[in-house]
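S.K.: One file: upload-v4.cif (mmCIF, C-alpha atoms).
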data_run
loop_
_atom_site.label_atom_id
_atom_site.label_comp_id
_atom_site.auth_asym_id
_atom_site.auth_seq_id
_atom_site.Cartn_x
_atom_site.Cartn_y
_atom_site.Cartn_z
CA MET I 167 16.94 21.77 -25.73
CA TRP I 168 17.67 17.99 -25.72
CA GLY I 169 19.95 17.96 -22.69
CA SER I 170 17.90 20.44 -20.69
CA ASN I 171 16.71 19.23 -17.30
CA LYS I 172 14.07 21.94 -16.91
CA LYS I 173 10.74 20.69 -15.61
CA PRO I 174 7.38 22.42 -15.99
CA GLY I 175 6.54 24.77 -13.12
CA ARG I 176 5.66 22.48 -10.24
CA THR I 177 5.44 22.94 -6.50
CA ALA I 178 8.43 21.28 -4.87
CA GLN I 179 7.08 21.94 -1.39
CA ILE I 180 5.55 19.02 0.50
CA ASP I 181 2.57 20.14 2.56
CA SER I 182 1.37 16.66 3.54
CA LEU I 183 3.11 13.33 4.08
CA ILE I 184 1.72 9.80 4.35
CA GLY I 185 4.52 7.88 6.07
CA GLN I 186 5.90 4.45 5.21
CA ASN I 187 4.07 2.62 8.02
CA THR I 188 0.75 4.38 7.44
CA GLU I 189 -2.32 3.01 5.66
CA ILE I 190 -5.21 5.33 4.77
CA ARG I 191 -8.58 3.73 4.03
CA GLY I 192 -10.75 6.25 2.24
CA ASP I 193 -10.29 9.13 -0.17
CA VAL I 194 -7.54 11.70 0.33
CA ILE I 195 -8.33 15.25 -0.82
CA PHE I 196 -5.45 17.72 -0.63
CA SER I 197 -3.95 20.91 -2.00
CA GLY I 198 -0.31 21.81 -2.48
CA GLY I 199 2.20 18.97 -2.30
CA LEU I 200 1.49 15.43 -1.07
CA HIS I 201 4.21 12.79 -0.66
CA VAL I 202 3.13 9.16 -0.18
CA ASP I 203 5.51 6.57 1.28
CA GLY I 204 2.70 4.45 2.74
CA SER I 205 -0.53 2.99 1.40
CA VAL I 206 -3.78 4.65 0.33
CA LYS I 207 -6.85 2.48 -0.31
CA GLY I 208 -9.09 5.06 -1.91
CA SER I 209 -8.89 7.89 -4.40
CA VAL I 210 -6.30 10.67 -4.19
CA ILE I 211 -7.78 13.95 -5.41
CA ALA I 212 -6.39 17.49 -5.55
CA GLU I 213 -8.74 20.36 -4.77
CA ASP I 214 -9.96 22.33 -7.79
CA GLY I 215 -8.03 25.39 -8.83
CA GLU I 216 -4.75 24.21 -7.31
CA GLU I 217 -1.49 23.40 -9.08
CA SER I 218 -0.98 20.43 -6.78
CA LEU I 219 1.74 17.80 -6.94
CA LEU I 220 1.50 14.17 -5.83
CA THR I 221 4.74 12.27 -5.31
CA LEU I 222 4.48 8.50 -4.82
CA SER I 223 7.74 6.93 -3.65
CA GLU I 224 8.99 3.44 -4.49
CA ARG I 225 7.58 2.26 -1.12
CA GLY I 226 4.16 3.84 -1.73
CA THR I 227 0.96 2.29 -3.12
CA ILE I 228 -2.39 3.76 -4.11
CA GLU I 229 -5.41 1.54 -4.74
CA GLY I 230 -7.89 3.91 -6.33
CA GLU I 231 -8.15 6.74 -8.82
CA VAL I 232 -5.63 9.56 -8.88
CA LYS I 233 -6.92 12.99 -9.99
CA VAL I 234 -4.06 15.44 -9.53
CA PRO I 235 -2.69 18.06 -11.97
CA ASN I 236 0.96 16.99 -11.57
CA VAL I 237 2.05 13.48 -10.61
CA VAL I 238 5.41 11.81 -10.01
CA VAL I 239 5.10 8.03 -9.62
CA ASN I 240 7.86 5.69 -8.49
CA GLY I 241 5.59 3.23 -6.67
CA THR I 242 2.43 1.29 -7.51
CA VAL I 243 -0.96 2.67 -8.56
CA ILE I 244 -3.88 0.28 -8.99
CA GLY I 245 -6.42 2.49 -10.73
CA ASP I 246 -6.58 5.23 -13.32
CA VAL I 247 -4.35 8.31 -13.21
CA HIS I 248 -5.85 11.62 -14.43
CA ALA I 249 -3.22 14.37 -14.66
CA PRO I 250 -4.05 17.38 -16.83
CA GLY I 251 -0.59 18.85 -16.18
CA HIS I 252 2.53 16.69 -16.04
CA VAL I 253 3.01 12.97 -15.35
CA GLU I 254 6.44 11.59 -14.52
CA LEU I 255 6.78 7.80 -14.34
CA ALA I 256 10.10 6.91 -12.69
CA ALA I 257 11.97 3.64 -13.13
CA GLN I 258 10.06 1.70 -10.44
CA ALA I 259 6.61 3.04 -11.37
CA ARG I 260 3.88 0.41 -11.81
CA VAL I 261 0.47 1.62 -12.99
CA HIS I 262 -2.31 -0.96 -13.29
CA GLY I 263 -4.87 1.21 -15.05
CA ASN I 264 -5.13 3.95 -17.65
CA VAL I 265 -3.04 7.12 -17.61
CA TYR I 266 -4.78 10.28 -18.88
CA TYR I 267 -2.15 12.95 -19.44
CA SER I 268 -1.28 16.17 -21.24
CA LEU I 269 2.50 15.85 -20.86
CA ILE I 270 4.25 12.60 -19.89
CA GLU I 271 7.80 11.63 -19.01
CA MET I 272 8.57 7.93 -18.65
CA ALA I 273 11.84 6.40 -17.44
CA MET I 274 13.20 3.09 -18.64
CA GLY I 275 11.75 0.35 -16.42
CA ALA I 276 8.42 2.06 -15.71
CA GLU I 277 5.33 -0.06 -16.45
CA VAL I 278 1.81 0.90 -17.48
CA ASN I 279 -0.61 -2.01 -17.62
CA GLY I 280 -3.42 -0.09 -19.29
CA ASN I 281 -3.78 2.64 -21.89
CA LEU I 282 -1.90 5.89 -22.28
CA VAL I 283 -4.52 8.47 -23.29
CA HIS I 284 -3.39 11.94 -24.37
CA LYS I 285 -5.72 14.75 -23.35
CA SER I 286 -5.04 18.17 -24.80
CA SER I 287 -4.71 20.80 -22.08
CA ASN I 288 -6.71 23.20 -24.29
CA HIS I 289 -9.97 21.26 -23.77
CA SER I 290 -10.12 21.96 -20.05
CA ARG I 291 -9.35 25.67 -20.43
CA ILE I 292 -11.76 26.69 -23.23
CA ALA I 293 -14.48 29.08 -22.10
CA PRO I 294 -18.03 28.02 -23.03
CA ASP I 295 -19.36 29.82 -26.14
CA SER I 296 -18.59 33.36 -24.94
CA GLY I 297 -18.12 34.75 -28.47
CA THR I 298 -21.76 34.89 -29.65
CA SER I 299 -24.79 36.76 -28.41
CA ASP I 300 -28.49 36.31 -29.15
CA SER I 301 -29.44 39.95 -28.33
#
Re-express the file's structure as structure tokens.
M.R.:
Amino acid sequence: MWGSNKKPGRTAQIDSLIGQNTEIRGDVIFSGGLHVDGSVKGSVIAEDGEESLLTLSERGTIEGEVKVPNVVVNGTVIGDVHAPGHVELAAQARVHGNVYYSLIEMAMGAEVNGNLVHKSSNHSRIAPDSGTSDS
């Protein structure tokens, strides 16, 4: 209930790591878990069909769009965040762009310099007009 610390089903496993002294210039496309301590100058995108998780530490920065189902931000994102699953903005999170979310959790101290836009998770999972037939 109110005091429950249960989180939605997310992958806790880290499959890829961008270290603190690493800068990536270009888009990063991944599946599974990605942890960013360094800098990415480009978009970060999860492969389709995956329940991927991006974790951005307080030392990490992303300059580009983020399109990942589940996101935990404690660093800086300069660009829009698209997360149809779960977004967690920790105390040191700084987002300079819009956040498109289905479920959001925001700690005291987190900043969003843009719009928070709720997107229903039902829209992305509705099958196209499969109920009618012209036969």
S.K.: Can you work out which one of I:Gly241, I:Gly251, I:Gly204, I:Gly280 has the shortest atom-to-atom distance to Gln186 of chain I, counting all atoms listed in the file?
M.R.: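 Ranked by minimum distance to Gln186 of chain I, first place goes to I:Gly204.
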S.K.: Please enumerate the residues selected by the PyMOL selection byres ((chain I and resi 222) around 12) when evaluated against the supplied file, formatted as a ChimeraX atom specification.
M.R.: /I:180,183-186,199-206,210,219-221,223-228,232,234,236-243,253-256,258-261
S.K.: Counting all atoms listed in the file, which residue out of I:Lys207, I:Asn279, I:Ser182, I:Pro235 sits closest to Tyr267 of chain I?
M.R.: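 Smallest separation from Tyr267 of chain I among the options: I:Pro235.
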S.K.: Determine the nearest neighbour of Ser218 of chain I from the options I:Pro250, I:Gly192, I:Gly245, I:Gly230, counting all atoms listed in the file.
M.R.: I:Pro250
S.K.: In Å, rounded to a single decimal, give me how far atom CA of Glu189 of chain I is from atom CA of Ala249 of chain I.
M.R.: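 That distance, rounded to one decimal, is 23.3 Å.
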S.K.: What gap, in Å, lies between atom CA of Met274 of chain I and atom CA of Ala212 of chain I?
M.R.: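 We find that atom CA of Met274 of chain I and atom CA of Ala212 of chain I lie 27.6 Å from each other.
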S.K.: Can you give me, as a count of residues only, the residues this file yields under the PyMOL selection byres ((chain I and resi 213) around 7)?
M.R.: 8
S.K.: For the atom pair atom CA of Ala273 of chain I and atom CA of Asp246 of chain I, what is the interatomic distance in Å to one decimal place?
M.R.: 18.9 Å
S.K.: Can you tell me, as a list in words, what residues are no more than 7 Å from Tyr266 of chain I when counting all atoms listed in the file, ignoring any on the same chain fewer than 6 positions away?
M.R.: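 Non-adjacent residues within range: Val247, His248, Ala249, Leu282, Val283, His284 and Lys285 of chain I.
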S.K.: From the options I:Glu217, I:His262, I:Ile244, I:Leu269, which residue's atoms come nearest to Asn281 of chain I, counting only C-alpha atoms?
M.R.: I:His262
